file run.tsv (TSV, C-alpha atoms)
chain	number	residue	atom	x	y	z
A	1	MET	CA	190.76	96.17	132.94
A	2	ILE	CA	188.33	98.72	131.51
A	3	LEU	CA	184.84	98.72	133.06
A	4	LYS	CA	181.88	100.37	131.43
A	5	LYS	CA	179.90	102.98	133.39
A	6	GLY	CA	176.72	100.85	133.48
A	7	ARG	CA	178.49	97.85	134.91
A	8	LEU	CA	180.10	100.07	137.47
A	9	LYS	CA	176.71	101.29	138.67
A	10	ILE	CA	175.35	97.77	139.00
A	11	GLN	CA	178.36	96.88	141.06
A	12	VAL	CA	177.78	99.92	143.24
A	13	HIS	CA	174.15	98.80	143.76
A	14	LYS	CA	175.37	95.53	145.18
A	15	ASN	CA	177.68	97.23	147.66
A	16	PHE	CA	174.98	98.32	150.21
A	17	ARG	CA	177.05	100.89	152.12
A	18	LYS	CA	179.85	98.44	152.76
A	19	PHE	CA	182.19	100.65	150.87
A	20	LEU	CA	182.25	104.27	150.20
A	21	VAL	CA	180.32	105.02	147.02
A	22	PRO	CA	181.19	108.12	145.05
A	23	GLU	CA	178.40	110.78	145.05
A	24	PHE	CA	178.22	111.05	141.23
A	25	LEU	CA	177.52	107.32	140.93
A	26	LYS	CA	174.48	107.53	143.28
A	27	LYS	CA	173.13	110.39	141.19
A	28	GLY	CA	173.58	108.38	138.02
A	29	GLN	CA	171.64	105.49	139.55
A	30	LEU	CA	168.80	107.82	140.50
A	31	LYS	CA	168.76	109.25	137.01
A	32	ILE	CA	168.49	105.77	135.47
A	33	GLN	CA	165.68	104.91	137.90
A	34	GLU	CA	163.88	108.15	137.07
A	35	MET	CA	164.22	107.49	133.38
A	36	ALA	CA	163.01	103.89	133.76
A	37	PHE	CA	159.95	105.02	135.71
A	38	MET	CA	159.28	107.76	133.21
A	39	LEU	CA	159.60	105.33	130.28
A	40	VAL	CA	157.26	102.83	131.96
A	41	ALA	CA	154.75	105.59	132.76
A	42	VAL	CA	154.87	107.00	129.22
A	43	PHE	CA	154.59	103.49	127.78
A	44	LEU	CA	151.56	102.70	129.95
A	45	PHE	CA	149.99	106.05	129.17
A	46	PHE	CA	150.28	105.52	125.42
A	47	ILE	CA	148.94	101.97	125.74
A	48	LEU	CA	145.91	103.32	127.62
A	49	VAL	CA	145.38	106.08	125.06
A	50	GLY	CA	145.77	103.55	122.25
A	51	MET	CA	143.23	101.24	123.86
A	52	PHE	CA	140.81	104.15	124.26
A	53	VAL	CA	141.24	105.17	120.62
A	54	LEU	CA	140.86	101.57	119.42
A	55	THR	CA	137.66	101.15	121.46
A	56	LEU	CA	136.19	104.31	119.96
A	57	MET	CA	137.25	103.30	116.46
A	58	TYR	CA	135.85	99.81	116.89
A	59	MET	CA	132.58	101.26	118.18
A	60	ASN	CA	132.33	103.47	115.08
A	61	ILE	CA	133.18	100.57	112.78
A	62	HIS	CA	130.48	98.47	114.41
A	63	GLU	CA	127.93	101.30	114.10
A	64	ASP	CA	128.95	101.94	110.48
A	65	ALA	CA	128.64	98.23	109.65
A	66	THR	CA	125.16	98.06	111.18
A	67	ARG	CA	124.09	101.24	109.38
A	68	ILE	CA	125.45	100.02	106.02
A	69	ALA	CA	123.76	96.62	106.47
A	70	GLU	CA	120.45	98.34	107.27
A	71	GLU	CA	120.80	100.67	104.29
A	72	ARG	CA	121.53	97.70	102.02
A	73	THR	CA	118.43	95.89	103.24
A	74	LEU	CA	116.41	99.08	102.91
A	75	SER	CA	117.58	99.68	99.35
A	76	SER	CA	116.88	96.04	98.45
A	77	VAL	CA	113.34	96.48	99.85
A	78	THR	CA	113.01	99.68	97.78
A	79	ASN	CA	114.27	97.87	94.68
A	80	LEU	CA	111.74	95.12	95.34
A	81	ALA	CA	108.89	97.62	94.89
A	82	ASP	CA	110.18	98.39	91.39
A	83	SER	CA	110.51	94.72	90.35
A	84	PRO	CA	108.07	93.50	87.65
A	85	GLU	CA	106.19	91.30	90.16
A	86	PHE	CA	105.12	94.33	92.18
A	87	SER	CA	105.53	97.52	90.12
A	88	CYS	CA	102.61	99.67	89.02
A	89	VAL	CA	101.58	99.75	85.37
A	90	ALA	CA	101.82	103.55	85.31
A	91	SER	CA	105.41	104.84	85.30
A	92	LYS	CA	105.59	105.49	89.02
A	93	THR	CA	108.70	104.72	91.02
A	94	ASN	CA	108.49	103.03	94.41
A	95	CYS	CA	104.94	101.99	93.63
A	96	VAL	CA	103.34	98.57	94.23
A	97	ASP	CA	100.31	97.38	92.29
A	98	GLY	CA	97.73	96.12	94.81
A	99	ASP	CA	96.00	93.95	92.21
A	100	LYS	CA	99.31	92.15	91.52
A	101	LEU	CA	100.02	91.92	95.23
A	102	ILE	CA	96.76	90.16	96.12
A	103	SER	CA	97.49	87.47	93.53
A	104	LEU	CA	100.91	86.86	95.14
A	105	VAL	CA	99.53	86.38	98.64
A	106	GLY	CA	100.17	82.91	100.03
A	107	ARG	CA	102.27	81.66	97.09
A	108	LYS	CA	104.89	79.40	98.65
A	109	SER	CA	106.93	79.28	95.42
A	110	TYR	CA	108.15	82.82	96.08
A	111	GLU	CA	109.74	81.92	99.44
A	112	ASN	CA	113.06	81.15	97.79
A	113	PHE	CA	112.79	83.77	95.07
A	114	TRP	CA	113.59	86.84	97.19
A	115	PRO	CA	116.34	87.00	99.83
A	116	PHE	CA	113.88	87.70	102.69
A	117	SER	CA	112.57	85.43	105.41
A	118	SER	CA	109.21	87.24	105.27
A	119	LEU	CA	107.54	89.75	103.00
A	120	LYS	CA	104.54	91.82	104.06
A	121	VAL	CA	102.74	95.02	103.09
A	122	ILE	CA	100.75	97.11	105.58
A	123	THR	CA	98.14	99.38	103.98
A	124	PHE	CA	97.45	102.97	105.07
A	125	ARG	CA	94.39	101.98	107.08
A	126	GLY	CA	96.58	99.50	109.01
A	127	PHE	CA	99.00	102.22	110.24
A	128	GLY	CA	98.96	102.62	114.00
A	129	LYS	CA	97.11	99.35	114.58
A	130	SER	CA	98.60	96.60	116.72
A	131	GLU	CA	99.54	93.26	115.14
A	132	ASN	CA	96.40	91.55	116.49
A	133	GLU	CA	94.09	94.22	115.08
A	134	LEU	CA	95.41	93.96	111.51
A	135	VAL	CA	92.98	92.33	109.08
A	136	GLU	CA	94.82	89.96	106.75
A	137	CYS	CA	94.10	90.45	103.05
A	138	ASN	CA	92.60	87.75	100.83
A	139	PHE	CA	90.51	87.69	97.66
A	140	ALA	CA	87.30	87.90	99.71
A	141	ASN	CA	88.04	91.11	101.66
A	142	TYR	CA	90.41	92.97	99.26
A	143	PRO	CA	90.77	96.02	99.28
A	144	ASP	CA	89.10	96.50	102.70
A	145	CYS	CA	91.98	94.96	104.64
A	146	ASP	CA	95.21	95.97	106.41
A	147	LEU	CA	97.94	93.38	105.83
A	148	PHE	CA	99.21	91.50	102.79
A	149	ILE	CA	101.37	88.52	103.74
A	150	VAL	CA	103.16	87.43	100.57
A	151	TYR	CA	104.98	84.75	102.58
A	152	ASP	CA	106.39	84.22	106.05
A	153	LYS	CA	108.96	81.52	106.83
A	154	ASN	CA	108.36	82.04	110.58
A	155	VAL	CA	112.04	82.12	111.52
A	156	ASP	CA	113.04	82.65	115.18
A	157	ASN	CA	115.53	85.51	114.85
A	158	GLU	CA	114.30	88.04	112.37
A	159	ARG	CA	114.99	91.72	111.81
A	160	ALA	CA	112.32	93.56	109.82
A	161	ILE	CA	113.15	96.56	107.66
A	162	SER	CA	110.30	98.63	106.28
A	163	SER	CA	110.15	101.10	103.44
A	164	PHE	CA	107.36	103.47	102.48
A	165	ILE	CA	105.73	102.75	99.14
A	166	ALA	CA	102.72	103.87	97.16
A	167	LEU	CA	100.10	101.10	96.92
A	168	CYS	CA	97.86	101.58	93.88
A	169	ARG	CA	94.83	99.75	92.57
A	170	LYS	CA	92.21	100.29	89.88
A	171	GLU	CA	88.88	101.75	90.99
A	172	TYR	CA	85.68	102.27	89.06
A	173	GLU	CA	83.33	105.23	89.56
A	174	ASN	CA	80.78	107.07	87.39
A	175	GLY	CA	81.72	104.96	84.38
A	176	TYR	CA	85.41	105.81	84.65
A	177	THR	CA	88.35	103.69	85.74
A	178	PHE	CA	91.07	105.49	87.68
A	179	ASP	CA	94.15	104.77	89.81
A	180	LYS	CA	93.58	104.99	93.56
A	181	CYS	CA	96.90	105.21	95.40
A	182	GLU	CA	97.71	105.37	99.08
A	183	LEU	CA	100.76	105.29	101.31
A	184	ALA	CA	101.78	101.83	102.53
A	185	LYS	CA	104.74	100.05	104.13
A	186	LEU	CA	106.65	97.21	102.49
A	187	ILE	CA	108.29	95.10	105.20
A	188	GLY	CA	111.13	92.68	104.44
A	189	GLY	CA	112.37	90.40	107.21
A	190	THR	CA	115.96	89.13	107.33
A	191	GLU	CA	117.00	86.11	109.37
A	192	LEU	CA	119.75	86.89	111.87
A	193	LYS	CA	122.13	83.95	111.79
A	194	GLY	CA	124.34	83.15	114.77
A	195	VAL	CA	122.20	85.14	117.25
A	196	GLU	CA	120.49	83.32	120.07
A	197	GLY	CA	116.92	84.38	120.74
B	1	MET	CA	176.89	123.13	141.65
B	2	ARG	CA	173.49	123.87	143.25
B	3	LYS	CA	172.73	126.50	140.57
B	4	LYS	CA	173.44	123.89	137.89
B	5	LEU	CA	171.07	121.41	139.56
B	6	ASN	CA	168.28	124.04	139.79
B	7	LYS	CA	168.66	124.80	136.11
B	8	LYS	CA	168.42	121.08	135.28
B	9	SER	CA	165.23	120.61	137.30
B	10	GLN	CA	163.79	123.74	135.69
B	11	HIS	CA	164.50	122.22	132.29
B	12	GLU	CA	162.82	118.97	133.35
B	13	ILE	CA	159.71	120.80	134.57
B	14	ALA	CA	159.56	122.75	131.32
B	15	GLY	CA	159.85	119.47	129.35
B	16	PHE	CA	157.15	117.85	131.43
B	17	VAL	CA	154.79	120.81	130.89
B	18	LEU	CA	155.53	120.67	127.16
B	19	ILE	CA	154.65	116.95	127.02
B	20	VAL	CA	151.40	117.54	128.97
B	21	LEU	CA	150.52	120.39	126.59
B	22	ILE	CA	151.20	118.28	123.47
B	23	VAL	CA	149.15	115.36	124.80
B	24	SER	CA	146.27	117.71	125.75
B	25	ILE	CA	146.26	119.32	122.29
B	26	ILE	CA	146.25	115.87	120.61
B	27	GLY	CA	143.36	114.83	122.89
B	28	VAL	CA	141.32	117.95	122.08
B	29	ILE	CA	141.88	117.50	118.32
B	30	PHE	CA	140.89	113.83	118.55
B	31	LEU	CA	137.75	114.60	120.57
B	32	SER	CA	136.66	117.40	118.23
B	33	LEU	CA	137.14	115.09	115.22
B	34	THR	CA	135.10	112.34	116.88
B	35	ILE	CA	132.23	114.67	117.84
B	36	GLY	CA	132.33	116.38	114.44
B	37	ARG	CA	131.99	113.03	112.65
B	38	GLY	CA	128.91	112.21	114.76
B	39	GLU	CA	127.12	115.31	113.51
B	40	PHE	CA	127.94	114.49	109.89
B	41	ASN	CA	125.98	111.22	110.09
B	42	LYS	CA	122.73	112.92	110.99
B	43	GLN	CA	121.64	114.37	107.70
B	44	THR	CA	120.05	112.14	105.07
B	45	SER	CA	117.50	109.39	105.48
B	46	ILE	CA	116.25	107.02	102.77
B	47	GLU	CA	113.19	106.30	104.90
B	48	ILE	CA	112.11	109.97	104.97
B	49	SER	CA	112.83	110.42	101.24
B	50	ASN	CA	110.75	107.31	100.47
B	51	LEU	CA	107.94	108.60	102.66
B	52	LEU	CA	107.86	111.91	100.78
B	53	GLY	CA	108.19	110.22	97.37
B	54	ALA	CA	105.43	107.69	98.04
B	55	SER	CA	103.06	110.23	99.63
B	56	MET	CA	103.18	112.30	96.43
B	57	TYR	CA	101.13	109.56	94.68
B	58	HIS	CA	98.52	109.44	97.45
B	59	THR	CA	95.08	109.97	95.89
B	60	THR	CA	93.08	112.64	97.70
B	61	ASP	CA	89.29	113.10	97.68
B	62	CYS	CA	89.66	116.42	95.85
B	63	ALA	CA	88.47	116.46	92.24
B	64	ILE	CA	88.82	119.79	90.42
B	65	ASN	CA	87.19	119.17	87.03
B	66	TYR	CA	84.94	116.11	87.40
B	67	VAL	CA	84.45	113.05	89.60
B	68	PRO	CA	86.36	110.70	89.64
B	69	GLN	CA	89.35	112.75	88.47
B	70	TYR	CA	90.71	112.86	92.01
B	71	ARG	CA	94.00	114.67	92.42
B	72	GLU	CA	97.15	113.16	93.79
B	73	LEU	CA	99.00	114.99	96.55
B	74	GLN	CA	101.66	116.23	94.09
B	75	ASP	CA	98.88	117.79	91.95
B	76	LEU	CA	97.46	119.53	95.00
B	77	VAL	CA	100.92	120.93	95.81
B	78	LYS	CA	101.02	122.52	92.33
B	79	GLU	CA	97.41	123.68	92.57
B	80	CYS	CA	98.14	125.25	95.96
B	81	TYR	CA	101.13	127.09	94.47
B	82	LYS	CA	98.86	128.45	91.72
B	83	ASP	CA	96.31	129.42	94.37
B	84	LYS	CA	98.96	131.32	96.34
B	85	SER	CA	100.08	133.03	93.11
B	86	GLY	CA	96.61	134.57	92.77
B	87	ASN	CA	94.92	131.98	90.55
B	88	TYR	CA	92.21	130.83	92.97
B	89	ARG	CA	91.70	127.06	92.92
B	90	GLU	CA	89.13	124.93	94.68
B	91	CYS	CA	87.92	121.34	94.70
B	92	LEU	CA	84.43	120.33	93.60
B	93	GLY	CA	82.29	121.07	96.64
B	94	GLY	CA	83.96	124.40	97.36
B	95	ARG	CA	86.92	123.42	99.54
B	96	ASN	CA	90.14	125.36	99.01
B	97	VAL	CA	92.97	123.24	97.57
B	98	CYS	CA	95.54	124.44	100.11
B	99	GLU	CA	93.26	123.47	103.00
B	100	VAL	CA	92.72	120.02	101.51
B	101	LEU	CA	96.48	119.69	100.89
B	102	GLU	CA	97.32	120.57	104.50
B	103	TYR	CA	94.67	118.25	105.93
B	104	GLU	CA	95.62	115.27	103.73
B	105	PHE	CA	99.40	115.74	104.00
B	106	LYS	CA	99.27	116.15	107.79
B	107	ASN	CA	97.14	113.03	108.09
B	108	ILE	CA	99.61	111.02	105.97
B	109	ILE	CA	102.73	112.19	107.82
B	110	ASP	CA	101.09	111.81	111.27
B	111	LYS	CA	100.05	108.23	110.50
B	112	GLY	CA	103.23	107.34	108.65
B	113	LEU	CA	105.65	108.57	111.34
B	114	GLU	CA	103.44	107.89	114.40
B	115	VAL	CA	104.76	110.98	116.21
B	116	SER	CA	104.57	110.97	120.01
B	117	ASP	CA	106.90	111.40	123.02
B	118	GLU	CA	107.06	107.61	123.50
B	119	SER	CA	107.71	106.65	119.86
B	120	PRO	CA	111.11	106.90	118.08
B	121	ASN	CA	109.79	109.92	116.13
B	122	LYS	CA	109.26	112.79	118.58
B	123	ALA	CA	108.47	115.62	116.18
B	124	TYR	CA	108.52	116.69	112.56
B	125	LYS	CA	108.49	119.86	110.50
B	126	LEU	CA	107.37	120.04	106.88
B	127	ASP	CA	108.05	122.93	104.51
B	128	ILE	CA	106.72	123.30	100.98
B	129	TYR	CA	108.26	126.15	99.02
B	130	TYR	CA	109.02	127.32	95.52
B	131	SER	CA	112.72	127.76	94.77
B	132	TYR	CA	114.14	129.65	91.82
B	133	ASP	CA	116.83	128.06	89.66
B	134	ASP	CA	118.78	131.30	89.17
B	135	ASP	CA	118.83	132.28	92.86
B	136	ALA	CA	119.48	129.50	95.37
B	137	ASN	CA	118.54	131.69	98.36
B	138	ALA	CA	115.24	133.01	97.06
B	139	ARG	CA	112.23	130.94	98.03
B	140	GLU	CA	108.48	131.43	98.11
B	141	GLU	CA	106.68	129.80	101.03
B	142	ILE	CA	103.67	127.70	100.00
B	143	LEU	CA	102.76	125.68	103.09
B	144	SER	CA	104.35	124.75	106.38
B	145	PHE	CA	103.18	122.68	109.33
B	146	GLU	CA	104.68	120.72	112.22
B	147	ASN	CA	103.83	118.35	115.02
B	148	GLY	CA	105.58	117.75	118.36
B	149	ASN	CA	108.49	119.59	119.96
B	150	PHE	CA	112.02	119.72	118.57
B	151	GLU	CA	113.60	119.34	122.03
B	152	ASN	CA	116.08	116.78	123.30
B	153	CYS	CA	116.41	115.12	119.87
B	154	SER	CA	119.08	112.42	119.79
B	155	SER	CA	119.37	113.11	116.06
B	156	VAL	CA	117.53	114.99	113.33
B	157	VAL	CA	116.98	113.22	110.00
B	158	GLY	CA	115.57	114.75	106.88
B	159	GLY	CA	114.47	114.23	103.32
B	160	ASN	CA	113.69	116.36	100.30
B	161	GLN	CA	111.31	115.89	97.39
B	162	PRO	CA	111.60	118.20	94.37
B	163	THR	CA	108.56	118.59	92.11
B	164	PRO	CA	108.81	120.39	88.76
B	165	VAL	CA	106.03	122.93	88.24
B	166	SER	CA	106.12	123.00	84.45
B	167	SER	CA	108.52	122.28	81.59
B	168	PHE	CA	109.05	126.00	80.95
B	169	GLY	CA	109.31	127.22	84.53
B	170	SER	CA	112.51	128.63	85.97
B	171	GLY	CA	112.13	126.88	89.32
B	172	LYS	CA	110.67	123.96	91.17
B	173	ILE	CA	108.57	123.21	94.20
B	174	GLU	CA	110.53	121.54	96.99
B	175	ILE	CA	109.24	119.68	100.01
B	176	ASP	CA	111.51	119.42	103.07
B	177	LEU	CA	110.73	117.12	105.96
B	178	MET	CA	112.82	117.12	109.15
B	179	VAL	CA	112.19	114.51	111.82
B	180	CYS	CA	113.36	114.63	115.45
B	181	LYS	CA	114.43	111.19	116.65
B	182	GLY	CA	114.08	110.40	120.33
call {"tool": "encode", "arguments": {"input": "run.tsv", "output": "structure tokens"}}
result
Amino acid sequence: MILKKGRLKIQVHKNFRKFLVPEFLKKGQLKIQEMAFMLVAVFLFFILVGMFVLTLMYMNIHEDATRIAEERTLSSVTNLADSPEFSCVASKTNCVDGDKLISLVGRKSYENFWPFSSLKVITFRGFGKSENELVECNFANYPDCDLFIVYDKNVDNERAISSFIALCRKEYENGYTFDKCELAKLIGGTELKGVEG
Amino acid sequence: MRKKLNKKSQHEIAGFVLIVLIVSIIGVIFLSLTIGRGEFNKQTSIEISNLLGASMYHTTDCAINYVPQYRELQDLVKECYKDKSGNYRECLGGRNVCEVLEYEFKNIIDKGLEVSDESPNKAYKLDIYYSYDDDANAREEILSFENGNFENCSSVVGGNQPTPVSSFGSGKIEIDLMVCKG
């Protein structure tokens, strides 16, 4: 009967000093044990390293996704300024016509026209003021006001992205009409779905 | 027999050291790649570019020829360049165009970015210079100002706004704005 070396060693393991065990067989057993421990250790080590790498990669993917989503919203806000409803008559990019804007304030029909849950413009004189201090714009106080609210759906979970724009209007002085422009912020709110407040 | 065993253990130690070295090298390469990628993300910002682009249309209270021909900020940048080139320019009322430009531009950036130690924008630095088309390194300083300290920034974002001086010129005026994020 021919026995394989491995089977022999297992048999030796079961002997427990009852019989004399050749020295080379004990060494072989130790070697197998060493190798098994080493393999387990290496396996665990690589699993840990892999988990570490995956965590870092996942973190980066998450950050990249958030950044791309924000950039997309920001570019859609920027594109909004150049849409015919807002754009200045003069060939200026990223410019909103204040006289058009005031006529859009409070129009509910635009709530479903743009993919934003709210749309607001803060004028230059409104920069640095708190929300309570901002004077809302209407036909009576325009242009001496701080905040144009085109519409606001008042959703619970909203993330607002703002973009700097030039807000221009026509002014009249000394018999001349001219464009008066100032820096302003166009703020587009996006509803965060699936997030508890 | 003993000599043979010693040699074997020596080989094992050498193998173990080799494995440790390889793993360490892989770790260092991986870490350097990760940190390097982080720095790459810092550079451009649509927000800053939009701020510079929109501020160029800002109407100042400086009229050069008659009222109400008030100049936009981009006109004052060009006028200031002419002033620095020796062609003295001033607004009606006697104020120097470069002084008006600095005052108005600083006011716009300060209000737009809301720079302070507590806000997300800790500091900024703005450079206006003339760059030549034929020599990328040559530049002529027009105006420069800053606010806050560029210390302990979590990231630095920036934007650039080129403004052509004239159709026949061999260069352009560039405006660089760097912002330190807290």
call {"tool": "residues_around", "arguments": {"input": "run.tsv", "residues": "Asn79 in chain A", "least_positions_apart": "3", "cutoff": "12 Å", "atoms": "all atoms listed in the file", "output": "list in words"}}
result
Glu71, Arg72, Thr73, Leu74, Ser75, Ser76, Asp82, Ser83, Pro84, Glu85, Phe86, Ser87, Thr93, Asn94, Cys95, Val96, Trp114, Ser163, Phe164, Ile165, Leu186 and Gly188 of chain A; Asn50 of chain B
call {"tool": "interface_residues", "arguments": {"input": "run.tsv", "of": "chain A", "to": "chain B", "cutoff": "10 Å", "atoms": "only C-alpha atoms", "output": "number ranges by chain"}}
result
A: 46, 49, 53, 56-57, 60, 64, 71, 74-75, 78, 92-95, 124-128, 162-168, 171-185
call {"tool": "write_last_selection", "arguments": {"input": "run.tsv", "atoms": "C-alpha atoms", "output": "JSON list (two decimals), keeping the file's coordinate frame"}}
result
[["chain", "number", "residue", "atom", "x", "y", "z"],
["A", 46, "PHE", "CA", 150.28, 105.52, 125.42],
["A", 49, "VAL", "CA", 145.38, 106.08, 125.06],
["A", 53, "VAL", "CA", 141.24, 105.17, 120.62],
["A", 56, "LEU", "CA", 136.19, 104.31, 119.96],
["A", 57, "MET", "CA", 137.25, 103.30, 116.46],
["A", 60, "ASN", "CA", 132.33, 103.47, 115.08],
["A", 64, "ASP", "CA", 128.95, 101.94, 110.48],
["A", 71, "GLU", "CA", 120.80, 100.67, 104.29],
["A", 74, "LEU", "CA", 116.41, 99.08, 102.91],
["A", 75, "SER", "CA", 117.58, 99.68, 99.35],
["A", 78, "THR", "CA", 113.01, 99.68, 97.78],
["A", 92, "LYS", "CA", 105.59, 105.49, 89.02],
["A", 93, "THR", "CA", 108.70, 104.72, 91.02],
["A", 94, "ASN", "CA", 108.49, 103.03, 94.41],
["A", 95, "CYS", "CA", 104.94, 101.99, 93.63],
["A", 124, "PHE", "CA", 97.45, 102.97, 105.07],
["A", 125, "ARG", "CA", 94.39, 101.98, 107.08],
["A", 126, "GLY", "CA", 96.58, 99.50, 109.01],
["A", 127, "PHE", "CA", 99.00, 102.22, 110.24],
["A", 128, "GLY", "CA", 98.96, 102.62, 114.00],
["A", 162, "SER", "CA", 110.30, 98.63, 106.28],
["A", 163, "SER", "CA", 110.15, 101.10, 103.44],
["A", 164, "PHE", "CA", 107.36, 103.47, 102.48],
["A", 165, "ILE", "CA", 105.73, 102.75, 99.14],
["A", 166, "ALA", "CA", 102.72, 103.87, 97.16],
["A", 167, "LEU", "CA", 100.10, 101.10, 96.92],
["A", 168, "CYS", "CA", 97.86, 101.58, 93.88],
["A", 171, "GLU", "CA", 88.88, 101.75, 90.99],
["A", 172, "TYR", "CA", 85.68, 102.27, 89.06],
["A", 173, "GLU", "CA", 83.33, 105.23, 89.56],
["A", 174, "ASN", "CA", 80.78, 107.07, 87.39],
["A", 175, "GLY", "CA", 81.72, 104.96, 84.38],
["A", 176, "TYR", "CA", 85.41, 105.81, 84.65],
["A", 177, "THR", "CA", 88.35, 103.69, 85.74],
["A", 178, "PHE", "CA", 91.07, 105.49, 87.68],
["A", 179, "ASP", "CA", 94.15, 104.77, 89.81],
["A", 180, "LYS", "CA", 93.58, 104.99, 93.56],
["A", 181, "CYS", "CA", 96.90, 105.21, 95.40],
["A", 182, "GLU", "CA", 97.71, 105.37, 99.08],
["A", 183, "LEU", "CA", 100.76, 105.29, 101.31],
["A", 184, "ALA", "CA", 101.78, 101.83, 102.53],
["A", 185, "LYS", "CA", 104.74, 100.05, 104.13]]
call {"tool": "residues_near_point", "arguments": {"input": "run.tsv", "point": "(97.3, 81.0, 102.1)", "cutoff": "9 Å", "atoms": "only C-alpha atoms", "output": "list in words"}}
result
Val105, Gly106, Arg107, Lys108, Asn138, Ile149, Val150 and Tyr151 of chain A
call {"tool": "closest_residue", "arguments": {"input": "run.tsv", "among": "B:Ala123, B:Cys98, B:Gly182, B:Leu31", "to": "Lys78 in chain B", "atoms": "all atoms listed in the file"}}
result
B:Cys98
call {"tool": "residues_around", "arguments": {"input": "run.tsv", "residues": "Ser154 in chain B", "least_positions_apart": "5", "cutoff": "10 Å", "atoms": "all atoms listed in the file", "output": "NGL selection string"}}
result
:B and (42 or 120 or 122 or 180-182)
call {"tool": "atom_distance", "arguments": {"input": "run.tsv", "atom1": "CA of Ile173 in chain B", "atom2": "CA of Lys125 in chain B"}}
result
16.6 Å
call {"tool": "closest_residue", "arguments": {"input": "run.tsv", "among": "A:Glu111, A:Glu63, A:Glu34, A:Asp144", "to": "Gly189 in chain A", "atoms": "only C-alpha atoms"}}
result
A:Glu111
call {"tool": "atom_distance", "arguments": {"input": "run.tsv", "atom1": "CA of Asp99 in chain A", "atom2": "CA of Arg169 in chain A"}}
result
5.9 Å
call {"tool": "atom_distance", "arguments": {"input": "run.tsv", "atom1": "CA of Asp83 in chain B", "atom2": "CA of Leu126 in chain B"}}
result
19.2 Å
call {"tool": "closest_residue", "arguments": {"input": "run.tsv", "among": "B:Asn65, B:Glu104, B:Val115, B:Cys153", "to": "Leu92 in chain B", "atoms": "only C-alpha atoms"}}
result
B:Asn65
